[in-house]
Amino acid sequence: MSSSCTILLCDANSFFASVHQALDPSLRGRPVIVAGRESTRHGIVLAASYEAKRGYGIKTGMTVREAKSLCPDGVFIPPRHDLYIEFSTRILRIMRDFTPLVEPFSIDEAWLDVRGCENLFGSPLTIAQRLKDRIKTEVGITTSIGLGPTKLLAKMAAEMQKPDGLTVLDYPDVPKKMWPLPVKELFGVGPRMEAHLAKLGIHTIGNLARFPVEALVRRFGVVGRTLHQCANGIDYSPVDPHSLDRAKSVGHQITLPRDYYSYEDIEVVLLELSELVARRARMGNYQGRTVSISLKDAEFNWLGRSYTLPHYTDTAADIYVAARRLLRRHWPPGRPVRLVGVSLAGLVPSAARQEDLFGRVEKQARLDRVCDRLKNRYGERAVFRAASLTGAGVLFARG
Amino acid sequence: MHILCPQAHLVNAVQKVYRAVATTTTYPAITGILLQAHENTLTLKATDLDLGIIYTFPVEVIEEGELLLPARIFTEMVRRLPPTSLSLKSLEDNTVEIAYQQSKVQLNSIDVSQFPLLPPVEGNFSFSVAITALKDAIRKVTIAAGNDDLRSVFNGVLWELEPGENRFNLVATDTHRLAVYHGQPGDSSSNETATALVPCRAMNELARLLPGEDGLVKITIGESQIYAQHEGLTVYTRLFNGKFPHYQQVIPTEHICTIEIATRDLLDTVERATLLARDENKARAHIIILQVGEKSLKITSEAAEIGHLEEELTAEIAGQPLELALNGRYLLETLRVIDTENVILELLAPLKPVVVRPAGQENYFCLILPVRIG
């Protein structure tokens with residue numbers, strides 16, 4: 001292992017399920033499945049313990065019905081996001097005991113760069129082992145850690161041994177350990193890219209690494225070059241402890257309790273989501289310009305469309321008008337809707353506000369401020385739109 | 001139909017009407033240009049059902065008749081024909097034969113009966129305007145119009161006819177700025193006031209189509225359409241139905257400070273200041289700060305990653321010192337349409353509209369609302 005191998009990726013195994021097992025010893029060793037409630041149709045497996053995955057073939061994203069037929073004596077637990085955030089924070093705190101260079105990647109994964117920490121805590125391999133041990137004893141969660149010279153190789157290494165792994169992947173290991181893997185295993189290659197690559201006869205990471213880079217650039221642009229570098233283990237991005245400080249977008253989506261058919265019903269939910277999104281933007285002191293909606297029909301076909309406003313906004317009315325327009329323009333009337341999402345992107349800190357000649361913006365901002373104060377003090381349901389009281393409302397008016 | 005006409009005349013005519021041809025539509029007839037030969041003139045018509053352009057010019061008519069031709073290929077073809085006399089003749093099999101020199105090209109035509117009937121030019125209000133004044137008004141007012149599909153009333157220009165005052169006004173606003181132009185109408189048909197909200201796009205097309213010379217345009221305001229006519233040209237457009245806000249209420253009636261300054265100097269300074277702050281994705285995008293002192297106007301702007309700028313301009317200042325922030329792009333666009341040597345800025349308070357006027361010209365002003373810096 002070369003001395004440049006200082007980047008770790010630490011992945012908490014089956015995170016949601018592990019949190020419940022850590023809290024309740026009686027669940028250890030049993031197939032634990034975290035899933036939404038079937039009655040409100042949030043019945044999808046969000047996480048499964050290794051016992052459930054290995055022993056019964058449970059996969060994330062399965063419906064509860066499927067999971068129950070595969071694993072009738074599984075322990076089904078509704079998700080508790082507050083707990084996951086608390087556990088995630090505790091794990092990050094342990095990581096920061098070793099280095100300030102910690103970049104959270106998701107709720108259960110983070111990169112660490114331990115360069116320069118050798119004299120304090122030992123070699124990177126020793127640090128990785130100590131980190132694993134501390135998380136195991138102090139939080140009760142097992143982790144898989146990958147160690148490499150770049151974020152990419154650390155991530156690839158962590159994927160190689162799960163659960164409870166500690167894998168090193170250095171540049172010389174790339175041809176032997178990475179190239180035989182299917183190309184979809186490469187960080188950044190999703191199902192669509194996989195299909196595009198298959199058309200070029202690229203099926204393994206090795207195929208991609210040896211493909212002429214010019215041809216990839218012609219076909220995919222800059223992405224083609226990045227992919228080619230990744231397949232060769234090259235990645236120039238540093239571990240950035242502030243990557244999450246700058247939000248790029250805020251969004252919310254919800255699976256509806258039943259399929260909605262009419263624009264009017266869907267629009268009630270769009271309005272509720274617009275309220276949530278606008279409030280979150282305001283809480284973070286952001287304004288955004290690009291409004292996107294995302295919709296899924298009964299067959300899980302997905303549609304996403306966006307509209308860029310001429311001005312920055314943090315108010316629900318503006319977001320809603322754009323969302324409604326997108327719905328009516330792009331979603332065929334009468335097509336059933338199962339899931340609705342609204343997001344606001346192109347965020348900038350709201351340091352300045354263009355005044356409006358007819359006082360609309362100022363009036364709306366005052367109203368938003370008052371509602372925010374009410375909600376901060378009395379909870380999110382303290383004040384809501386009358387539309388939420390109609391049968392189509394899902395977010396505010398119900399227990 | 002059979003006509004003879006020089007290629008240059010036909011190109012000129014086709015290019016005039018081409019801008020009204022529908023591009024994205026499921027109705028094929030309006031992707032065509034209608035040709036009507038009648039009494040030694042040829043009339044070309046195109047419409048996308050919002051905007052319509054009609055142009056009539058003299059040709060030699062051998063046989064009267066009508067033809068509807070696919071706009072794109074017809075325009076492209078005519079432009080490429082040699083500069084000689086052309087013969088356009090409709091044949092039996094729904095095609096047209098264009099003959100030139102010893103050659104000919106045959107194009108398929110579209111069924112004429114499918115072309116929509118264009119509304120006749122009629123309305124209770126009509127008046128005439130000098131072409132130069134109208135083009136000037138369009139150039140100066142459209143800068144303030146909005147471009148937001150979600151609020152279309154702000155994408156229009158309000159026309160107000162006030163025969164009692166012997167005045168017409170053109171007004172546009174995107175809610176952040178407002179431009180007002182006063183013009184004098186000639187031979188007005190009615191003594192009543194009238195208003196129309198005209199899409200900005202049609203205004204720009206009209207300005208493009210009118211020749212840059214003396215002459216008059218006749219404007220007719222109908223129920224849901226407005227028409228502009230000049231010689232062989234008629235441009236009409238559907239009006240927006242929305243309600244334009246009561247703009248008079250937001251025009252300041254007083255100010256505490258006036259600045260008179262050389263237009264060119266201010267324009268150059270604002271251009272440099274805005275350059276620094278032009279990143280759309282930054283919180284302070286386009287923001288410049290105006291500090292009014294006793295004898296000078298100081299303009300500053302900054303962008304954290306790029307740098308900062310500070311310029312001081314001598315100006316004639318009357319009133320109290322004041323500081324405000326505004327979108328430099330808005331001020332820039334206004335200054336660019338001001339033709340007088342000096343420009344006057346009238347200020348009232350940091351968050352009240354700034355009124356920008358050409359010094360010595362009473363017929364135009366633009367007001368810009370400042371930015372609140374949090």
# chains A, B, ... in the order shown; residues from 1 in each chain; ligands from 1
call {"tool": "interface_residues", "arguments": {"of": "chain B", "to": "chain A", "cutoff": "10 Å", "atoms": "only C-alpha atoms", "output": "ChimeraX atom specification"}}
result
/B:146-151,173-178,245-247,249-251,280-285,287,325-327,351-353,367-374
call {"tool": "residues_around", "arguments": {"residues": "Ala386 of chain A", "least_positions_apart": "2", "cutoff": "12 Å", "atoms": "only C-alpha atoms", "output": "PyMOL selection string"}}
result
chain A and resi 268+271-272+381+383-384+388-393+396-397
call {"tool": "residues_around", "arguments": {"residues": "Glu294 of chain B", "least_positions_apart": "3", "cutoff": "8 Å", "atoms": "only C-alpha atoms", "output": "list in words"}}
result
Ile317, Ala318, Gln320 and Pro321 of chain B
call {"tool": "write_last_selection", "arguments": {"atoms": "C-alpha atoms", "output": "CSV table (one decimal), in the first residue's frame"}}
result
chain,number,residue,atom,x,y,z
B,317,ILE,CA,-26.8,67.5,-7.6
B,318,ALA,CA,-29.6,69.3,-5.8
B,320,GLN,CA,-30.0,65.7,0.2
B,321,PRO,CA,-27.4,62.9,0.1
call {"tool": "closest_residue", "arguments": {"among": "B:Ala22, B:Ile143, B:Ala99, B:Met1", "to": "Glu64 of chain B", "atoms": "only C-alpha atoms"}}
result
B:Met1
call {"tool": "closest_residue", "arguments": {"among": "B:Val356, B:Leu86, B:Val198, B:Leu49", "to": "Gln102 of chain B", "atoms": "only C-alpha atoms"}}
result
B:Leu86
call {"tool": "residues_around", "arguments": {"residues": "segment 13-27 of chain A", "least_positions_apart": "6", "cutoff": "12 Å", "atoms": "only C-alpha atoms", "output": "ChimeraX atom specification"}}
result
/A:33-35,45-54,58-60,74-88,90-91,106-109,132,135-145,158-159,161-165
call {"tool": "atom_distance", "arguments": {"atom1": "atom CA of Asp170 of chain A", "atom2": "atom CA of Cys5 of chain A"}}
result
6.8 Å
call {"tool": "closest_atom_pairs", "arguments": {"of": "segment 127-176 of chain B", "to": "segment 223-238 of chain B", "cutoff": "12 Å", "atoms": "only C-alpha atoms", "output": "tab-separated table"}}
result
residue	atom	partner	partner_atom	distance
B:Phe127	CA	B:Ala228	CA	9.9
B:Ser128	CA	B:Ala228	CA	9.1
B:Val129	CA	B:Ala228	CA	9.9
B:Ala130	CA	B:His230	CA	10.4
B:Ile131	CA	B:His230	CA	8.9
B:Leu134	CA	B:Ala228	CA	10.7
B:Gly156	CA	B:Arg238	CA	11.1
B:Val157	CA	B:Ile226	CA	12.0
B:Leu158	CA	B:Ile226	CA	11.6
B:Trp159	CA	B:Ile226	CA	10.0
call {"tool": "residues_around", "arguments": {"residues": "Tyr263 of chain A", "least_positions_apart": "6", "cutoff": "10 Å", "atoms": "only C-alpha atoms", "output": "ChimeraX atom specification"}}
result
/A:270,324,327-328,331-337
call {"tool": "write_last_selection", "arguments": {"atoms": "C-alpha atoms", "output": "mmCIF file, in the first residue's frame"}}
result
data_model
loop_
_atom_site.group_PDB
_atom_site.id
_atom_site.type_symbol
_atom_site.label_atom_id
_atom_site.label_comp_id
_atom_site.auth_asym_id
_atom_site.auth_seq_id
_atom_site.Cartn_x
_atom_site.Cartn_y
_atom_site.Cartn_z
ATOM 1 C CA LEU A 270 -48.632 20.682 -5.209
ATOM 2 C CA ARG A 324 -49.217 24.014 -11.547
ATOM 3 C CA LEU A 327 -48.461 19.815 -14.303
ATOM 4 C CA ARG A 328 -51.060 21.097 -16.741
ATOM 5 C CA TRP A 331 -49.149 15.532 -17.440
ATOM 6 C CA PRO A 332 -51.980 14.084 -19.528
ATOM 7 C CA PRO A 333 -55.396 14.815 -17.982
ATOM 8 C CA GLY A 334 -56.888 11.908 -16.063
ATOM 9 C CA ARG A 335 -53.662 9.910 -15.786
ATOM 10 C CA PRO A 336 -53.483 8.543 -12.228
ATOM 11 C CA VAL A 337 -50.854 10.038 -9.956
#
call {"tool": "closest_atom_pairs", "arguments": {"of": "segment 3-46 of chain B", "to": "segment 200-214 of chain B", "cutoff": "9 Å", "atoms": "only C-alpha atoms", "output": "CSV"}}
result
residue,atom,partner,partner_atom,distance
B:Lys16,CA,B:Leu209,CA,6.7
B:Arg19,CA,B:Glu205,CA,7.7
B:Ala20,CA,B:Glu205,CA,8.8
call {"tool": "atom_distance", "arguments": {"atom1": "atom CA of Val269 of chain A", "atom2": "atom CA of Asn155 of chain B"}}
result
29.2 Å
call {"tool": "closest_residue", "arguments": {"among": "B:Ile98, B:Val21, B:Leu107, B:Leu69", "to": "Gln7 of chain B", "atoms": "only C-alpha atoms"}}
result
B:Ile98
call {"tool": "atom_distance", "arguments": {"atom1": "atom CA of Ile256 of chain B", "atom2": "atom CA of Ala349 of chain B"}}
result
7.8 Å
call {"tool": "select_by_dssp", "arguments": {"residues": "segment 51-207 of chain B", "states": "strand (DSSP E)", "output": "PyMOL selection string"}}
result
chain B and resi 51-58+60-63+65-70+85-90+95-100+103-108+125-130+156-162+167-173+177-183+194-199
call {"tool": "residues_around", "arguments": {"residues": "His9 of chain B", "least_positions_apart": "6", "cutoff": "12 Å", "atoms": "only C-alpha atoms", "output": "MDAnalysis selection string"}}
result
chainID B and resid 15:16 41:42 44 55:60 78:79 83:86
call {"tool": "write_last_selection", "arguments": {"atoms": "C-alpha atoms", "output": "mmCIF file, in the first residue's frame"}}
result
data_model
loop_
_atom_site.group_PDB
_atom_site.id
_atom_site.type_symbol
_atom_site.label_atom_id
_atom_site.label_comp_id
_atom_site.auth_asym_id
_atom_site.auth_seq_id
_atom_site.Cartn_x
_atom_site.Cartn_y
_atom_site.Cartn_z
ATOM 1 C CA GLN B 15 -39.390 38.155 -45.569
ATOM 2 C CA LYS B 16 -41.864 40.697 -44.213
ATOM 3 C CA THR B 41 -51.338 43.415 -56.762
ATOM 4 C CA LEU B 42 -50.128 40.426 -54.833
ATOM 5 C CA LEU B 44 -49.098 37.866 -48.821
ATOM 6 C CA TYR B 55 -48.296 42.790 -47.201
ATOM 7 C CA THR B 56 -49.567 43.971 -50.551
ATOM 8 C CA PHE B 57 -47.399 45.119 -53.455
ATOM 9 C CA PRO B 58 -47.827 45.635 -57.199
ATOM 10 C CA VAL B 59 -47.096 42.767 -59.591
ATOM 11 C CA GLU B 60 -48.230 41.884 -63.081
ATOM 12 C CA VAL B 78 -37.309 32.322 -53.414
ATOM 13 C CA ARG B 79 -34.278 33.757 -51.634
ATOM 14 C CA PRO B 83 -32.380 38.071 -59.471
ATOM 15 C CA THR B 84 -34.578 38.075 -62.555
ATOM 16 C CA SER B 85 -38.260 38.181 -63.326
ATOM 17 C CA LEU B 86 -40.189 35.226 -61.941
#
